Structures are given as structure tokens and as C-alpha cells.
>>> print(open('protein27.cif').read())   # mmCIF, C-alpha atoms and all ligand atoms
data_final
#
loop_
_atom_site.label_atom_id
_atom_site.label_comp_id
_atom_site.auth_asym_id
_atom_site.auth_seq_id
_atom_site.Cartn_x
_atom_site.Cartn_y
_atom_site.Cartn_z
CA MET A 1 -13.00 -45.81 -64.75
CA GLN A 2 -14.65 -47.40 -67.78
CA SER A 3 -13.30 -46.99 -71.29
CA PRO A 4 -15.15 -44.54 -73.50
CA SER A 5 -16.92 -45.94 -76.54
CA PRO A 6 -14.46 -45.68 -79.46
CA SER A 7 -16.59 -43.16 -81.33
CA ALA A 8 -16.70 -40.81 -78.32
CA ILE A 9 -13.23 -39.39 -79.04
CA ARG A 10 -12.17 -38.08 -82.46
CA LEU A 11 -8.52 -38.57 -83.44
CA GLY A 12 -6.91 -36.22 -85.93
CA GLU A 13 -5.79 -38.12 -89.03
CA GLU A 14 -2.08 -37.52 -88.59
CA VAL A 15 -2.24 -38.45 -84.90
CA ALA A 16 -4.23 -41.62 -85.60
CA ALA A 17 -1.67 -42.70 -88.20
CA ALA A 18 1.27 -42.00 -85.89
CA ILE A 19 -0.29 -43.94 -83.00
CA ALA A 20 -1.08 -46.87 -85.29
CA ASP A 21 2.57 -46.93 -86.46
CA SER A 22 3.96 -46.49 -82.90
CA ARG A 23 5.61 -43.24 -83.98
CA PRO A 24 6.16 -40.65 -81.21
CA VAL A 25 3.28 -38.30 -80.37
CA LEU A 26 3.22 -35.49 -77.81
CA ALA A 27 -0.09 -34.39 -76.27
CA LEU A 28 -0.62 -30.69 -75.52
CA GLU A 29 -3.41 -29.12 -73.46
CA SER A 30 -5.67 -26.29 -74.61
CA THR A 31 -6.81 -24.54 -71.42
CA ILE A 32 -3.47 -22.75 -71.59
CA LEU A 33 -4.67 -21.40 -74.97
CA SER A 34 -8.33 -20.71 -74.17
CA HIS A 35 -7.92 -19.43 -70.62
CA GLY A 36 -4.23 -19.11 -69.75
CA LEU A 37 -2.84 -16.73 -72.37
CA PRO A 38 -4.18 -13.49 -73.88
CA THR A 39 -5.29 -13.27 -77.53
CA PRO A 40 -3.51 -13.20 -80.02
CA ARG A 41 -0.46 -14.63 -78.21
CA ASN A 42 -2.45 -17.78 -77.44
CA LEU A 43 -2.84 -18.63 -81.12
CA GLU A 44 0.81 -17.88 -81.90
CA VAL A 45 1.84 -20.12 -79.02
CA GLY A 46 -0.59 -22.89 -79.99
CA LEU A 47 0.72 -23.05 -83.54
CA ALA A 48 4.40 -22.45 -82.69
CA SER A 49 4.32 -25.24 -80.10
CA GLU A 50 3.08 -27.70 -82.69
CA GLU A 51 5.86 -26.54 -85.00
CA LEU A 52 8.46 -27.09 -82.29
CA VAL A 53 7.20 -30.63 -81.75
CA ARG A 54 7.29 -31.37 -85.50
CA ASP A 55 10.83 -30.00 -85.76
CA ALA A 56 11.82 -32.61 -83.17
CA GLY A 57 10.39 -35.37 -85.38
CA VAL A 58 7.31 -35.89 -83.19
CA VAL A 59 3.63 -35.57 -84.09
CA PRO A 60 1.82 -32.93 -81.98
CA ALA A 61 -1.64 -33.73 -80.61
CA THR A 62 -3.24 -30.61 -79.23
CA ILE A 63 -6.35 -31.76 -77.40
CA GLY A 64 -9.62 -29.91 -76.89
CA VAL A 65 -13.39 -30.14 -77.28
CA ILE A 66 -15.20 -29.04 -80.45
CA ASP A 67 -19.02 -29.05 -80.53
CA GLY A 68 -18.96 -31.34 -77.50
CA VAL A 69 -16.63 -33.89 -79.10
CA PRO A 70 -13.21 -34.44 -77.51
CA VAL A 71 -10.59 -34.14 -80.26
CA VAL A 72 -7.09 -35.59 -79.95
CA GLY A 73 -5.13 -33.75 -82.61
CA LEU A 74 -6.97 -30.51 -83.32
CA SER A 75 -6.54 -28.98 -86.78
CA PRO A 76 -5.01 -25.49 -87.01
CA ALA A 77 -8.52 -24.10 -87.67
CA GLU A 78 -9.83 -25.82 -84.54
CA ILE A 79 -6.93 -24.47 -82.48
CA GLU A 80 -7.77 -21.02 -83.82
CA ARG A 81 -11.40 -21.50 -82.84
CA LEU A 82 -10.47 -22.34 -79.22
CA CYS A 83 -8.14 -19.32 -79.15
CA THR A 84 -10.58 -16.75 -80.47
CA VAL A 85 -14.21 -17.68 -79.74
CA ALA A 86 -15.46 -16.11 -76.51
CA GLU A 87 -17.81 -18.95 -75.49
CA VAL A 88 -15.08 -21.57 -75.10
CA VAL A 89 -15.40 -23.16 -71.65
CA LYS A 90 -12.68 -24.58 -69.42
CA VAL A 91 -13.12 -28.34 -69.51
CA SER A 92 -11.76 -30.59 -66.80
CA VAL A 93 -12.77 -34.25 -66.59
CA ARG A 94 -16.05 -33.52 -64.81
CA ASP A 95 -16.99 -31.10 -67.61
CA LEU A 96 -16.50 -33.58 -70.47
CA PRO A 97 -20.04 -35.03 -70.26
CA ILE A 98 -21.57 -31.59 -69.85
CA ALA A 99 -19.70 -30.23 -72.86
CA ARG A 100 -20.79 -33.29 -74.83
CA ALA A 101 -24.46 -33.09 -73.91
CA LYS A 102 -24.54 -29.35 -74.57
CA ARG A 103 -22.23 -29.47 -77.63
CA LEU A 104 -19.88 -26.89 -76.20
CA ASP A 105 -16.40 -25.90 -77.33
CA GLY A 106 -13.79 -26.33 -74.60
CA GLY A 107 -10.15 -25.89 -73.74
CA THR A 108 -9.09 -29.00 -71.84
CA THR A 109 -7.18 -28.80 -68.54
CA VAL A 110 -4.20 -30.98 -67.74
CA ALA A 111 -6.62 -33.46 -66.16
CA ALA A 112 -8.96 -33.73 -69.16
CA THR A 113 -6.07 -33.64 -71.64
CA ALA A 114 -4.15 -36.41 -69.87
CA TRP A 115 -7.31 -38.50 -69.54
CA LEU A 116 -8.06 -38.19 -73.27
CA ALA A 117 -4.43 -38.60 -74.37
CA HIS A 118 -4.03 -41.82 -72.40
CA ARG A 119 -7.23 -43.26 -73.81
CA ALA A 120 -6.04 -42.42 -77.31
CA GLY A 121 -2.76 -44.28 -76.67
CA ILE A 122 -0.46 -41.28 -76.21
CA ARG A 123 2.27 -41.69 -73.61
CA VAL A 124 3.73 -38.21 -73.09
CA MET A 125 2.25 -34.78 -72.54
CA SER A 126 3.64 -31.31 -71.92
CA THR A 127 2.09 -28.37 -70.12
CA GLY A 128 3.29 -25.13 -68.53
CA GLY A 129 2.18 -25.39 -64.94
CA LEU A 130 0.20 -28.16 -63.35
CA GLY A 131 -2.91 -27.46 -61.28
CA GLY A 132 -2.63 -28.21 -57.58
CA VAL A 133 -3.79 -27.35 -54.10
CA HIS A 134 -4.96 -23.75 -53.80
CA ARG A 135 -4.02 -21.57 -50.87
CA GLY A 136 -6.71 -21.80 -48.21
CA ALA A 137 -7.74 -25.26 -49.44
CA SER A 138 -8.14 -26.51 -45.87
CA GLU A 139 -11.21 -24.24 -45.78
CA THR A 140 -12.33 -24.25 -49.42
CA PHE A 141 -11.35 -27.79 -50.48
CA ASP A 142 -10.11 -26.21 -53.73
CA GLU A 143 -7.71 -28.77 -55.12
CA SER A 144 -7.35 -29.24 -58.86
CA ALA A 145 -8.72 -32.44 -60.35
CA ASP A 146 -5.35 -32.53 -62.14
CA LEU A 147 -3.97 -34.29 -59.06
CA THR A 148 -6.60 -37.00 -58.59
CA THR A 149 -6.81 -37.60 -62.34
CA LEU A 150 -3.04 -37.98 -62.68
CA ALA A 151 -3.16 -40.61 -59.93
CA GLU A 152 -5.18 -42.79 -62.32
CA THR A 153 -3.61 -41.83 -65.64
CA PRO A 154 -0.34 -43.59 -66.52
CA ILE A 155 1.24 -40.96 -68.75
CA THR A 156 4.47 -38.96 -68.49
CA LEU A 157 3.78 -35.29 -67.87
CA VAL A 158 6.37 -32.55 -68.29
CA SER A 159 5.67 -29.33 -66.37
CA ALA A 160 7.62 -26.59 -64.61
CA GLY A 161 5.95 -27.48 -61.35
CA VAL A 162 2.95 -25.54 -60.12
CA LYS A 163 2.67 -21.77 -60.04
CA SER A 164 3.31 -20.07 -56.74
CA ILE A 165 -0.30 -18.85 -56.83
CA LEU A 166 -0.94 -22.31 -55.36
CA ASP A 167 0.09 -23.89 -52.06
CA ILE A 168 3.21 -25.70 -53.27
CA ARG A 169 3.97 -27.52 -50.03
CA ALA A 170 0.43 -28.92 -49.85
CA THR A 171 0.52 -29.85 -53.54
CA LEU A 172 3.72 -31.88 -53.06
CA GLU A 173 2.17 -33.62 -50.04
CA ARG A 174 -0.93 -34.51 -52.05
CA LEU A 175 1.19 -35.85 -54.91
CA GLU A 176 2.94 -38.10 -52.42
CA THR A 177 -0.38 -39.28 -50.96
CA LEU A 178 -1.71 -39.99 -54.44
CA ASN A 179 1.32 -42.21 -55.25
CA ILE A 180 2.46 -39.92 -58.07
CA PRO A 181 6.25 -39.95 -58.66
CA VAL A 182 7.77 -36.48 -59.08
CA VAL A 183 11.31 -36.17 -60.44
CA GLY A 184 13.42 -33.11 -61.16
CA TYR A 185 14.92 -32.78 -64.62
CA ARG A 186 18.60 -32.09 -63.96
CA THR A 187 17.68 -30.56 -60.60
CA ASN A 188 17.02 -31.58 -57.00
CA ARG A 189 14.75 -28.60 -56.43
CA TYR A 190 11.05 -28.48 -57.24
CA PRO A 191 10.69 -25.67 -59.79
CA GLY A 192 8.36 -22.75 -59.06
CA PHE A 193 7.21 -22.18 -62.64
CA TYR A 194 8.28 -18.51 -62.98
CA VAL A 195 11.36 -19.23 -60.89
CA ALA A 196 13.74 -22.17 -61.13
CA ASP A 197 13.46 -23.11 -57.45
CA SER A 198 10.20 -23.06 -55.49
CA GLY A 199 12.06 -23.52 -52.22
CA PHE A 200 11.14 -27.20 -51.94
CA ALA A 201 13.48 -30.15 -52.47
CA LEU A 202 12.86 -33.23 -54.59
CA ASP A 203 14.12 -36.68 -53.63
CA TYR A 204 14.87 -37.82 -57.17
CA ARG A 205 16.31 -36.40 -60.37
CA LEU A 206 16.76 -37.47 -63.99
CA GLU A 207 19.54 -36.46 -66.35
CA SER A 208 18.15 -37.32 -69.78
CA PRO A 209 15.05 -38.12 -71.86
CA ALA A 210 16.24 -41.75 -71.82
CA ASP A 211 16.07 -41.68 -67.99
CA ALA A 212 12.49 -40.38 -68.20
CA ALA A 213 11.58 -43.14 -70.65
CA ALA A 214 13.11 -45.74 -68.32
CA LEU A 215 11.04 -44.39 -65.43
CA ALA A 216 7.82 -44.58 -67.45
CA ARG A 217 8.62 -48.15 -68.47
CA ALA A 218 9.35 -49.10 -64.85
CA ARG A 219 5.97 -47.70 -63.83
CA ASP A 220 4.29 -49.69 -66.62
CA GLU A 221 6.12 -52.91 -65.71
CA LEU A 222 4.88 -52.57 -62.14
CA GLY A 223 1.35 -51.97 -63.39
CA LEU A 224 1.02 -48.75 -61.42
CA SER A 225 -1.68 -46.36 -62.55
CA ALA A 226 -0.18 -42.97 -61.75
CA ALA A 227 1.40 -40.46 -64.08
CA VAL A 228 5.12 -39.77 -63.81
CA LEU A 229 5.72 -36.04 -63.32
CA VAL A 230 8.90 -34.62 -64.82
CA ALA A 231 9.55 -31.21 -63.26
CA ASN A 232 11.54 -29.10 -65.69
CA PRO A 233 12.78 -25.73 -64.36
CA VAL A 234 13.15 -22.55 -66.38
CA ASP A 235 16.75 -21.47 -66.98
CA GLU A 236 17.83 -19.38 -64.02
CA ALA A 237 19.01 -16.67 -66.43
CA LYS A 238 15.49 -16.40 -67.84
CA GLN A 239 13.42 -16.67 -64.67
CA LEU A 240 11.21 -13.90 -63.30
CA ASP A 241 13.12 -11.78 -60.80
CA PRO A 242 12.30 -13.53 -57.47
CA GLY A 243 11.77 -10.22 -55.63
CA LEU A 244 9.34 -8.93 -58.27
CA HIS A 245 7.67 -12.32 -58.27
CA ASP A 246 6.97 -12.28 -54.53
CA ARG A 247 5.62 -8.70 -54.60
CA VAL A 248 3.18 -9.10 -57.47
CA LEU A 249 2.03 -12.48 -56.23
CA ALA A 250 0.94 -11.00 -52.90
CA ASP A 251 -0.98 -8.26 -54.77
CA ALA A 252 -2.67 -10.77 -57.08
CA ILE A 253 -3.84 -12.92 -54.18
CA ALA A 254 -5.23 -9.86 -52.39
CA ALA A 255 -7.02 -8.72 -55.57
CA ALA A 256 -8.63 -12.14 -56.07
CA SER A 257 -9.92 -12.19 -52.54
CA GLU A 258 -11.23 -8.62 -52.84
CA ALA A 259 -13.00 -9.46 -56.11
CA GLY A 260 -14.54 -12.57 -54.54
CA ILE A 261 -12.99 -14.87 -57.13
CA THR A 262 -13.30 -18.56 -56.27
CA GLY A 263 -13.23 -22.01 -57.80
CA HIS A 264 -12.14 -22.62 -61.38
CA ASP A 265 -11.97 -18.87 -62.11
CA THR A 266 -9.12 -18.45 -59.64
CA THR A 267 -6.23 -19.57 -61.84
CA PRO A 268 -7.14 -17.46 -64.92
CA PHE A 269 -7.76 -14.41 -62.69
CA LEU A 270 -4.42 -14.65 -60.89
CA LEU A 271 -2.49 -15.26 -64.10
CA ASP A 272 -4.08 -12.25 -65.77
CA HIS A 273 -3.30 -10.10 -62.74
CA LEU A 274 0.35 -11.22 -62.72
CA GLN A 275 0.70 -10.46 -66.42
CA ARG A 276 -0.55 -6.93 -66.00
CA ALA A 277 1.34 -6.28 -62.76
CA THR A 278 4.69 -7.32 -64.27
CA GLY A 279 4.16 -5.33 -67.47
CA GLY A 280 4.11 -8.55 -69.45
CA ARG A 281 7.32 -10.03 -67.96
CA SER A 282 5.47 -12.93 -66.38
CA LEU A 283 3.94 -13.69 -69.76
CA GLU A 284 7.35 -13.84 -71.45
CA VAL A 285 8.63 -16.18 -68.74
CA ASN A 286 5.45 -18.25 -69.03
CA LEU A 287 6.10 -18.71 -72.76
CA GLU A 288 9.76 -19.55 -72.20
CA VAL A 289 8.79 -22.16 -69.60
CA TYR A 290 6.20 -23.65 -71.91
CA ARG A 291 8.61 -23.86 -74.87
CA GLY A 292 11.12 -25.68 -72.67
CA ASN A 293 8.51 -28.20 -71.55
CA VAL A 294 7.25 -28.82 -75.07
CA ALA A 295 10.81 -29.41 -76.31
CA LEU A 296 11.60 -31.81 -73.46
CA GLY A 297 8.28 -33.62 -73.87
CA ALA A 298 9.06 -34.21 -77.53
CA GLU A 299 12.47 -35.67 -76.65
CA ILE A 300 10.91 -37.99 -74.08
CA ALA A 301 8.25 -39.09 -76.58
CA ARG A 302 11.06 -40.02 -78.98
CA ALA A 303 12.99 -41.85 -76.29
CA LEU A 304 9.87 -43.86 -75.37
CA ALA A 305 9.10 -44.71 -78.98
CA GLY A 306 12.69 -45.72 -79.72
N1 LIG B 401 -1.64 -23.41 -64.39
C1 LIG B 401 -1.19 -22.42 -65.14
N2 LIG B 401 -1.86 -22.04 -66.27
C2 LIG B 401 -2.99 -22.65 -66.65
C3 LIG B 401 -3.44 -23.74 -65.85
C4 LIG B 401 -2.75 -24.08 -64.73
O1 LIG B 401 -0.17 -21.86 -64.79
O2 LIG B 401 -3.60 -22.27 -67.66
C5 LIG B 401 -4.64 -24.50 -66.28
C6 LIG B 401 -4.22 -25.93 -66.67
O3 LIG B 401 -4.98 -26.33 -67.78
C7 LIG B 401 -4.60 -26.73 -65.44
C8 LIG B 401 -5.82 -25.98 -64.97
O4 LIG B 401 -4.88 -28.06 -65.73
O5 LIG B 401 -5.53 -24.62 -65.20
C9 LIG B 401 -6.11 -26.24 -63.53
O6 LIG B 401 -7.30 -25.57 -63.19
P1 LIG B 401 -8.10 -25.97 -61.85
O7 LIG B 401 -7.26 -25.49 -60.72
O8 LIG B 401 -9.40 -25.23 -61.97
O9 LIG B 401 -8.26 -27.45 -61.90
MN MN B 402 -10.41 -25.73 -58.38
#
>>> encode(input="protein27.cif", output="C-alpha cells")
Amino acid sequence: MQSPSPSAIRLGEEVAAAIADSRPVLALESTILSHGLPTPRNLEVGLASEELVRDAGVVPATIGVIDGVPVVGLSPAEIERLCTVAEVVKVSVRDLPIARAKRLDGGTTVAATAWLAHRAGIRVMSTGGLGGVHRGASETFDESADLTTLAETPITLVSAGVKSILDIRATLERLETLNIPVVGYRTNRYPGFYVADSGFALDYRLESPADAAALARARDELGLSAAVLVANPVDEAKQLDPGLHDRVLADAIAAASEAGITGHDTTPFLLDHLQRATGGRSLEVNLEVYRGNVALGAEIARALAG
């Protein structure tokens, strides 16, 4: 991929200064705000996450698209705009030129956020759940561009795995094919977002932010292009009850198929269904998971800058 012209991406002032001084910066996505969480929780989460990063001595860079311009380091007013305006679109990498030409506002996916963060010189990013291979993908070909983009984006990404609304086994196979290292943070089990263990094993684990920094440096020394994925499970004490999880998941998948939901609408639809079907429990777990990933991402950003 070619480099964007320097004026194509706008850096927030604080973020630009931190990058120039090699101070730690943590990138955060905005699809989770525009399409993943209900209003007004999305705005609370967007602002509280930045606060959490600052408290760790790291500069937050929430990334999104305003009037077609990709912004690395949105202002609080811009975060509010992406959280509250109805016309905000979900922007993955393929949507960046469309948003630009049409001057749209957009919440950026993991793929678009990582792509922009890397080009701005940011080395670590946190999200809740990564996109992946959807169930039925052998028929629909519905696989998130998060995977192919991360294969070409040398960043460190902290997530709690992929949600069980996806085909986790297929997602792990694709990550292997795409040469993307996946490591458990203090676990040998791949996390299942709402639950600490998805049922799949991981070959490698890390014990500390310093370990994660060493892994990122090793990748850079070898000149490999893929992201390093740090899979950070929710505390078992705070996970969604696995029995409840399995029941409501089956209902959500059936509802999506009945409603004829496909493509990029699938994830927001399923998440919304889960939230309502668990009386908000899945939302609380979602926020707990996200907080944990933001906190760990900030520690890794510090370890890499140190
Ligand atoms: N997974 C979640 N919540 C989300 C997303 C994924 O649990 O909000 C968002 C992320 O921004 C991710 C995107 O990058 O959805 C993937 O969408 P798609 O499958 O359309 O690529
Ligand atoms: Mn898709």
C-alpha cells in the first residue's frame, strides 16, 4: 500500500506533540462508539476511556472521520459528534475514500483505526472485540477486513478476542494463514470476549507489558508486516454467565437470519440483540472488557516507549 499524502490525515495537537517527542500514545477505535454501544453510554465510555489512558501517563488518540477527514486524536467535541449524530457511517479501510469524497462523518473499525494509527506513527491500539470470520462465511465470504488489514499493519493490538457471534475456530485459522501472531495475556486460552475462555487454546502467552513490548520489537527487527494480537481475557469473576451467553447467542443468530441482516450490519445487529436479551448484562461485561483492554494497551504503550 502507498503512503497517504501527509495532509490527508489530521493529527490532534496533543497527539502530534506526543508522537514527535516519542512519548507513549494509545490509539482507540470509534466504531465501538458510533455503532457498538447505545447512546448515551457510548459518549461516557469514549470520554472515560481517554481519561483512563491519561491516568496511566499515556496520550489517548481516539480515531475517526470528521467531514471526510481521518482524524488521529479526536477532540472531546468530535467524539461527542460521532456518538450522537445519526448519520455517522461505519468506516472500514474500503470506506475511507468514499467518506473523504462525500465528506462523511465516520466511526472507524479496527481495520481503519489500525491503518490510520500506524501511518500516524502510533504503535499500540486497544479495542473490545476484533472483527473476524462470520458464521456461514464459507457461503457468504463474510470475513472482516480487520484480518487482512492487520496482516499488513505492524501495530500491537489489545483485544478480548472475537465475540462468539463469529466463527472463532475459522477466525483463528485465518489469523494463522495471514501470519498474524496471537498471544494470550496471562492465559493459554483464547478469550471469548464475554467469557474468559472461548474453548480454543493458544500456543503462546505473555506475562507482562514488557513481554508484549519485546514481542513487538522482535516483529519489527524481523521486518514482518503483521500486527501482534494480545488477547486479554475478562476476569472470570466478571464474565457473562456461560449458560446465559450460549442461550441468548443462539436467539440473536436466529433473529438476524429471520430479519435478513447481512454484511456490515450483522455485528451491530447481533450486539444490540444480545444487550436487550441479557437485560443489559452483556453491555456491562462489554464495558468491563473494554476498560481492561484500554488499561493494558496503555501499559504496553509505556513499555514500548520506555
Ligand atoms: N466487535 C465488537 N464490537 C464492535 C466491532 C466488533 O464486539 O463494535 C466493530 C469493530 O470496530 C470491528 C468491526 O472492527 O466491528 C468489524 O466489523 P466488520 O465485521 O463489518 O468488519
Ligand atoms: Mn463483513
>>> residues_near_ligand(input="protein27.cif", ligand="ligand LIG 401 (chain B)", cutoff="10 Å", atoms="only C-alpha atoms and all ligand atoms", output="count of residues only")
57
>>> closest_residue(input="protein27.cif", among="A:Cys83, A:Glu288, A:Arg205, A:Thr156", to="Arg41 in chain A", atoms="only C-alpha atoms")
A:Cys83
>>> atom_distance(input="protein27.cif", atom1="CA of Ala61 in chain A", atom2="CA of Ile19 in chain A")
10.6 Å
>>> residues_around(input="protein27.cif", residues="range 225-231 of chain A", least_positions_apart="5", cutoff="7 Å", atoms="only C-alpha atoms", output="PyMOL selection string")
chain A and resi 150-161+179-185+190-191+216
>>> atom_distance(input="protein27.cif", atom1="CA of Arg135 in chain A", atom2="atom MN of ligand MN 402 (chain B)")
10.7 Å
>>> closest_residue(input="protein27.cif", among="A:Glu221, A:Ala210, A:Ala301, A:Thr140", to="ligand MN 402 (chain B)", atoms="all atoms listed in the file")
A:Thr140
>>> residues_around(input="protein27.cif", residues="Glu80 in chain A", least_positions_apart="2", cutoff="10 Å", atoms="only C-alpha atoms", output="PyMOL selection string")
chain A and resi 33-34+40+42-44+46-47+74-78+82-85
